[in-house]
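Data from structure_18.cif: mmCIF, C-alpha atoms
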data_run
#
loop_
_atom_site.label_atom_id
_atom_site.label_comp_id
_atom_site.auth_asym_id
_atom_site.auth_seq_id
_atom_site.Cartn_x
_atom_site.Cartn_y
_atom_site.Cartn_z
CA MET A 1 -120.22 14.05 -163.06
CA ALA A 2 -122.67 11.48 -164.41
CA ALA A 3 -119.90 8.93 -164.78
CA MET A 4 -118.60 9.61 -161.29
CA LEU A 5 -122.05 9.08 -159.88
CA GLY A 6 -122.38 5.71 -161.57
CA GLY A 7 -124.96 6.97 -164.03
CA GLY A 8 -123.73 5.03 -167.00
CA GLY A 9 -120.88 4.69 -169.40
CA GLU A 10 -118.18 7.25 -169.99
CA GLY A 11 -119.27 10.28 -171.92
CA MET A 12 -122.99 9.84 -171.19
CA PRO A 13 -124.69 13.26 -171.29
CA LEU A 14 -126.08 14.44 -167.96
CA GLU A 15 -129.55 14.82 -169.47
CA GLN A 16 -129.56 11.23 -170.73
CA TRP A 17 -128.28 9.96 -167.37
CA PHE A 18 -131.06 11.85 -165.59
CA PHE A 19 -133.97 10.69 -167.76
CA GLU A 20 -132.82 7.08 -167.78
CA MET A 21 -133.34 6.92 -164.02
CA PRO A 22 -136.60 5.18 -163.03
CA ILE A 23 -139.32 7.55 -161.89
CA VAL A 24 -139.25 7.16 -158.09
CA THR A 25 -135.46 7.44 -157.91
CA ARG A 26 -135.56 10.41 -160.29
CA VAL A 27 -138.13 12.25 -158.18
CA TRP A 28 -136.15 11.63 -154.97
CA THR A 29 -132.88 12.75 -156.59
CA THR A 30 -134.48 15.87 -158.06
CA ALA A 31 -136.16 16.83 -154.79
CA THR A 32 -132.86 16.38 -152.95
CA VAL A 33 -130.94 18.63 -155.33
CA ILE A 34 -133.66 21.31 -155.42
CA THR A 35 -133.93 21.36 -151.63
CA GLY A 36 -130.16 21.70 -151.26
CA VAL A 37 -130.13 24.61 -153.73
CA LEU A 38 -133.03 26.37 -151.98
CA VAL A 39 -131.28 26.10 -148.63
CA GLN A 40 -127.99 27.26 -150.17
CA CYS A 41 -129.82 30.30 -151.59
CA GLN A 42 -131.46 30.91 -148.18
CA ILE A 43 -134.94 30.56 -149.62
CA LEU A 44 -135.54 27.71 -147.17
CA THR A 45 -133.90 26.93 -143.85
CA PRO A 46 -133.25 23.53 -142.26
CA PHE A 47 -135.58 24.56 -139.44
CA GLN A 48 -138.49 24.41 -141.90
CA LEU A 49 -137.60 20.90 -143.05
CA PHE A 50 -136.72 18.68 -140.09
CA TYR A 51 -139.13 16.10 -138.69
CA SER A 52 -140.80 16.93 -135.40
CA PHE A 53 -143.73 14.92 -134.10
CA ARG A 54 -145.11 17.97 -132.30
CA ALA A 55 -144.74 20.25 -135.34
CA VAL A 56 -146.44 17.74 -137.62
CA PHE A 57 -149.35 16.63 -135.49
CA ASN A 58 -149.89 19.64 -133.21
CA LYS A 59 -149.12 22.44 -135.67
CA GLN A 60 -150.28 20.59 -138.83
CA GLN A 61 -146.94 21.08 -140.61
CA TYR A 62 -147.43 17.91 -142.62
CA TRP A 63 -144.78 18.71 -145.24
CA ARG A 64 -142.16 17.71 -142.66
CA LEU A 65 -143.19 14.06 -143.15
CA LEU A 66 -141.49 14.23 -146.55
CA SER A 67 -139.03 17.12 -146.30
CA THR A 68 -137.04 15.22 -143.67
CA PHE A 69 -136.16 12.65 -146.37
CA ILE A 70 -135.00 15.09 -149.06
CA TYR A 71 -132.63 17.39 -147.16
CA PHE A 72 -129.01 16.27 -146.92
CA GLY A 73 -127.50 19.70 -146.42
CA PRO A 74 -126.62 22.60 -148.73
CA LEU A 75 -124.53 22.18 -151.87
CA SER A 76 -121.40 20.32 -150.84
CA LEU A 77 -119.34 17.18 -151.39
CA ASN A 78 -121.49 15.49 -148.74
CA LEU A 79 -124.61 16.17 -150.83
CA LEU A 80 -122.84 14.76 -153.89
CA PHE A 81 -122.12 11.50 -152.08
CA HIS A 82 -125.75 11.18 -151.02
CA ILE A 83 -126.93 11.76 -154.59
CA PHE A 84 -124.54 9.01 -155.70
CA PHE A 85 -126.04 6.50 -153.27
CA ILE A 86 -129.63 7.49 -154.03
CA GLN A 87 -129.32 7.23 -157.80
CA ARG A 88 -127.20 4.07 -157.67
CA TYR A 89 -128.61 1.72 -155.04
CA ALA A 90 -132.19 3.00 -155.00
CA ARG A 91 -132.10 2.90 -158.79
CA MET A 92 -130.97 -0.75 -158.90
CA LEU A 93 -133.65 -1.73 -156.39
CA GLU A 94 -136.31 0.07 -158.41
CA GLU A 95 -135.15 -1.38 -161.74
CA SER A 96 -135.29 -4.91 -160.31
CA ALA A 97 -138.71 -4.45 -158.68
CA ALA A 98 -141.78 -6.10 -160.18
CA SER A 99 -143.19 -2.66 -160.97
CA VAL A 100 -143.02 0.99 -159.96
CA ALA A 101 -145.87 0.29 -157.55
CA HIS A 102 -143.87 -2.44 -155.80
CA PHE A 103 -140.84 -0.21 -155.27
CA ALA A 104 -143.01 2.73 -154.17
CA TRP A 105 -144.69 0.38 -151.67
CA LEU A 106 -141.28 -0.56 -150.26
CA MET A 107 -140.36 3.12 -149.99
CA ALA A 108 -143.64 3.95 -148.27
CA TYR A 109 -143.19 1.07 -145.83
CA ALA A 110 -139.63 2.17 -145.02
CA ILE A 111 -140.65 5.83 -144.63
CA ILE A 112 -143.47 5.00 -142.24
CA SER A 113 -141.19 2.72 -140.23
CA LEU A 114 -138.49 5.40 -139.94
CA LEU A 115 -141.00 8.10 -138.99
CA THR A 116 -142.27 5.78 -136.25
CA ILE A 117 -138.88 5.15 -134.67
CA ALA A 118 -137.45 8.65 -135.25
CA PRO A 119 -138.64 10.07 -131.90
CA LEU A 120 -136.94 7.16 -130.12
CA SER A 121 -133.61 7.78 -131.85
CA ASN A 122 -133.96 11.56 -131.68
CA GLN A 123 -133.41 12.03 -135.41
CA ALA A 124 -134.57 15.19 -137.15
CA PHE A 125 -133.46 14.37 -140.72
CA LEU A 126 -134.10 10.87 -142.03
CA GLY A 127 -132.79 10.96 -145.60
CA THR A 128 -129.45 9.36 -144.72
CA THR A 129 -131.20 6.68 -142.68
CA LEU A 130 -133.53 5.84 -145.58
CA SER A 131 -130.60 5.73 -147.98
CA SER A 132 -128.68 3.43 -145.61
CA THR A 133 -131.70 1.16 -145.31
CA LEU A 134 -131.92 0.78 -149.09
CA VAL A 135 -128.18 0.15 -149.34
CA TYR A 136 -128.54 -2.58 -146.73
CA ILE A 137 -131.44 -4.24 -148.56
CA TRP A 138 -129.50 -4.11 -151.84
CA SER A 139 -126.39 -5.57 -150.21
CA ARG A 140 -128.37 -8.48 -148.72
CA ARG A 141 -129.93 -9.26 -152.10
CA ASN A 142 -126.53 -9.35 -153.78
CA PRO A 143 -124.35 -11.41 -151.43
CA ASP A 144 -121.90 -12.50 -154.13
CA THR A 145 -121.38 -9.11 -155.77
CA ARG A 146 -117.89 -7.73 -155.29
CA LEU A 147 -117.35 -4.01 -154.77
CA SER A 148 -114.30 -1.78 -154.74
CA PHE A 149 -113.89 0.98 -152.18
CA LEU A 150 -111.88 3.91 -153.57
CA GLY A 151 -109.99 1.39 -155.68
CA LEU A 152 -108.12 0.16 -152.61
CA LEU A 153 -110.35 -2.35 -150.86
CA THR A 154 -112.38 -5.14 -152.48
CA PHE A 155 -115.16 -6.87 -150.59
CA LYS A 156 -118.52 -8.56 -151.05
CA ALA A 157 -121.74 -6.55 -151.00
CA PRO A 158 -122.98 -7.54 -147.50
CA TRP A 159 -119.99 -5.71 -146.03
CA LEU A 160 -120.88 -2.44 -147.78
CA PRO A 161 -122.91 -0.84 -144.93
CA TRP A 162 -120.13 -1.59 -142.44
CA VAL A 163 -117.41 -0.29 -144.73
CA LEU A 164 -119.35 2.97 -145.10
CA ILE A 165 -119.66 3.30 -141.34
CA ALA A 166 -115.93 2.72 -140.89
CA PHE A 167 -115.25 5.34 -143.59
CA ASN A 168 -117.43 7.87 -141.73
CA VAL A 169 -115.70 7.14 -138.43
CA VAL A 170 -112.30 7.75 -140.02
CA LEU A 171 -113.49 10.84 -141.90
CA HIS A 172 -115.52 12.52 -139.13
CA GLY A 173 -114.16 10.96 -135.95
CA HIS A 174 -117.50 9.76 -134.60
CA TRP A 175 -120.05 7.01 -135.19
CA PRO A 176 -122.72 8.06 -137.74
CA LYS A 177 -126.02 7.61 -135.90
CA ASP A 178 -128.07 7.96 -139.08
CA GLU A 179 -126.32 5.12 -140.86
CA LEU A 180 -126.32 2.93 -137.76
CA CYS A 181 -130.08 3.37 -137.46
CA GLY A 182 -130.43 2.54 -141.14
CA ILE A 183 -128.59 -0.74 -140.59
CA VAL A 184 -130.70 -1.53 -137.52
CA VAL A 185 -133.86 -0.96 -139.54
CA GLY A 186 -132.61 -3.01 -142.46
CA HIS A 187 -131.11 -5.76 -140.31
CA GLY A 188 -134.39 -6.45 -138.61
CA GLU A 189 -134.44 -10.20 -138.90
CA HIS A 190 -131.90 -10.05 -136.07
CA MET A 191 -133.69 -7.20 -134.29
CA ILE A 192 -137.23 -7.91 -133.07
CA ALA A 193 -138.49 -4.38 -133.57
CA SER A 194 -137.20 -3.81 -137.10
CA ASP A 195 -140.01 -3.39 -139.62
CA VAL A 196 -137.91 -3.19 -142.80
CA GLY A 197 -136.08 -6.37 -141.75
CA VAL A 198 -139.51 -8.00 -141.61
CA TRP A 199 -140.04 -6.67 -145.14
CA TYR A 200 -136.79 -8.26 -146.30
CA PHE A 201 -137.77 -11.60 -144.73
CA PHE A 202 -141.30 -11.73 -146.14
CA ASN A 203 -140.26 -10.61 -149.65
CA ASP A 204 -136.93 -12.37 -150.12
CA ILE A 205 -136.93 -15.44 -147.84
CA TYR A 206 -140.53 -16.37 -146.99
CA PRO A 207 -141.80 -16.77 -150.63
CA SER A 208 -139.23 -19.47 -151.46
CA THR A 209 -140.78 -21.78 -148.85
CA HIS A 210 -144.45 -20.79 -149.32
CA ASN A 211 -145.13 -21.26 -153.04
CA GLY A 212 -144.14 -17.70 -153.94
CA HIS A 213 -146.67 -16.06 -151.61
CA ARG A 214 -145.64 -12.52 -150.64
CA PRO A 215 -147.81 -11.26 -147.77
CA LEU A 216 -146.36 -7.74 -147.92
CA ASP A 217 -146.93 -7.15 -151.64
CA PRO A 218 -148.88 -3.93 -152.37
CA PRO A 219 -152.68 -4.16 -152.47
CA GLN A 220 -154.48 -3.84 -155.78
CA TRP A 221 -155.69 -0.29 -155.09
CA TRP A 222 -152.05 0.80 -154.68
CA ILE A 223 -151.04 -0.96 -157.90
CA ARG A 224 -153.92 0.64 -159.79
CA LEU A 225 -152.82 4.04 -158.45
CA PHE A 226 -149.42 3.62 -160.15
CA GLU A 227 -150.34 1.47 -163.12
CA ARG A 228 -153.57 3.31 -163.98
CA GLY A 229 -155.86 0.34 -163.73
CA ALA A 230 -153.46 -2.33 -164.97
CA LEU A 231 -153.32 -5.34 -162.69
CA ALA A 232 -149.86 -6.50 -161.73
CA ALA A 233 -148.57 -9.70 -163.31
CA PRO A 234 -147.71 -12.58 -160.98
CA VAL A 235 -144.33 -12.03 -159.36
CA ASP A 236 -141.79 -14.77 -159.87
CA THR A 237 -140.19 -15.83 -156.62
CA ASP A 238 -136.71 -15.21 -158.00
CA ILE A 239 -137.43 -11.84 -159.62
CA HIS A 240 -135.38 -9.82 -157.14
CA ALA A 241 -132.30 -11.97 -157.34
CA ALA A 242 -132.53 -12.31 -161.11
CA GLY A 243 -132.98 -8.59 -161.62
CA LEU A 244 -130.14 -7.62 -159.35
CA ASN A 245 -127.47 -10.11 -160.37
CA ARG A 246 -126.04 -7.96 -163.10
CA ASP A 247 -122.57 -6.64 -163.83
CA ILE A 248 -122.15 -3.66 -161.51
CA ALA A 249 -118.42 -3.44 -161.10
CA ALA A 250 -118.45 0.16 -159.89
CA PRO A 251 -116.96 1.82 -156.82
CA ALA A 252 -118.90 1.50 -153.59
CA VAL A 253 -118.07 5.13 -152.96
CA ALA A 254 -117.26 7.65 -155.64
CA ASP A 255 -113.50 8.24 -155.85
CA VAL A 256 -113.24 12.02 -155.70
CA ARG A 257 -109.80 13.42 -156.38
#
What do you get writing this file as structure tokens?
Amino acid sequence: MAAMLGGGGEGMPLEQWFFEMPIVTRVWTTATVITGVLVQCQILTPFQLFYSFRAVFNKQQYWRLLSTFIYFGPLSLNLLFHIFFIQRYARMLEESAASVAHFAWLMAYAIISLLTIAPLSNQAFLGTTLSSTLVYIWSRRNPDTRLSFLGLLTFKAPWLPWVLIAFNVVLHGHWPKDELCGIVVGHGEHMIASDVGVWYFFNDIYPSTHNGHRPLDPPQWWIRLFERGALAAPVDTDIHAAGLNRDIAAPAVADVR
């Protein structure tokens, strides 16, 4: 299973694959699996987990601000696919980040943005949308990376979000609203209201023309929270591209037979 999920080389033990994941990705993956198991065992129900503005702010059910991002359904092939995308693309973004604090700041920014627009798009569960947003950001940062879809179709990384949408349309017969919203959020430089697109612009485009200045980098109090008092080293303007341009010739979607 670890190999199928892109966790490393053939024969890598599941335990080794798990503990080699960076911390934020590991926590998200673990929470997703545990939540799916608890729902499968009927200890929790989806009605306790979905995001509702009224439930959160009128009934003080604040756990819904996070539970909406860790429930992808009970144990199923669909959950397996989501785990694959979380541990692969979120992992590569986290490994290429300047620090854990920088990636956690990106996650926090994306989560807040998605919670803000969720009532407008009438979405109750936002995990797929967050995953799609991270896939989009990764694909934009790796424009020359070539991917293989089920071993049949080869394409460059920027096409990955659209290939996944086409796959869902063929598989389910309808347009996946969650993934479309994820692309809208991630593709914000073309959409005025997209916050994560603004993030992509100010962290990947803006610094190259402004002496490396990154206006959306995390504040020092946030960095100290994660680094336990250690100040972050200056971030090289090419750190994201350099960290991500590695050999990742793996399927865009796990080939399940």
So which residues get picked by the PyMOL selection byres ((chain A and resi 23) around 12) here, written as a PyMOL selection string? chain A and resi 18-22+24-30+87+90-91+94-95+99-101+103-104+226
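By only C-alpha atoms, and with residues fewer than 5 positions from His102 (chain A) along its chain excluded, the set lying at most 8 Å from it is Ala97, Asp217, Pro218 and Ile223 of chain A.
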Residues selected by the PyMOL selection byres ((chain A and resi 74) around 9), written as a list in words: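 Going through the file, the PyMOL selection byres ((chain A and resi 74) around 9) ends up selecting Val33, Thr35, Gly36, Val37, Leu38, Val39, Gln40, Cys41, Tyr71, Phe72, Gly73, Leu75, Ser76, Asn78 and Leu79 of chain A.
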If you count only C-alpha atoms, the residue of A:Leu114, A:Gln60, A:Ala98, A:Leu164 closest to Phe81 (chain A) turns out to be A:Leu164
Using all atoms listed in the file, which residue out of A:Thr154, A:Thr45, A:Gln220, A:Ser131 lies closest to Leu93 (chain A)? A:Ser131
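Separating CA of Ile112 (chain A) from CA of Ser67 (chain A) is a distance of 13.5 Å.
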Would you compute an axis-aligned box for region 109-121 of chain A, covering every atom listed for it in the file with 3 Å of margin on each side, and report centre and edge lengths in Å to one decimal as lines of an AutoDock Vina configuration file?
center_x = -138.5
center_y = 5.6
center_z = -138.0
size_x = 15.9
size_y = 15.0
size_z = 21.7
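Take the candidates A:Ser132, A:Gln16, A:Thr116, A:Asn122 and check each one against Leu65 (chain A) using only C-alpha atoms; the shortest distance goes to A:Thr116.
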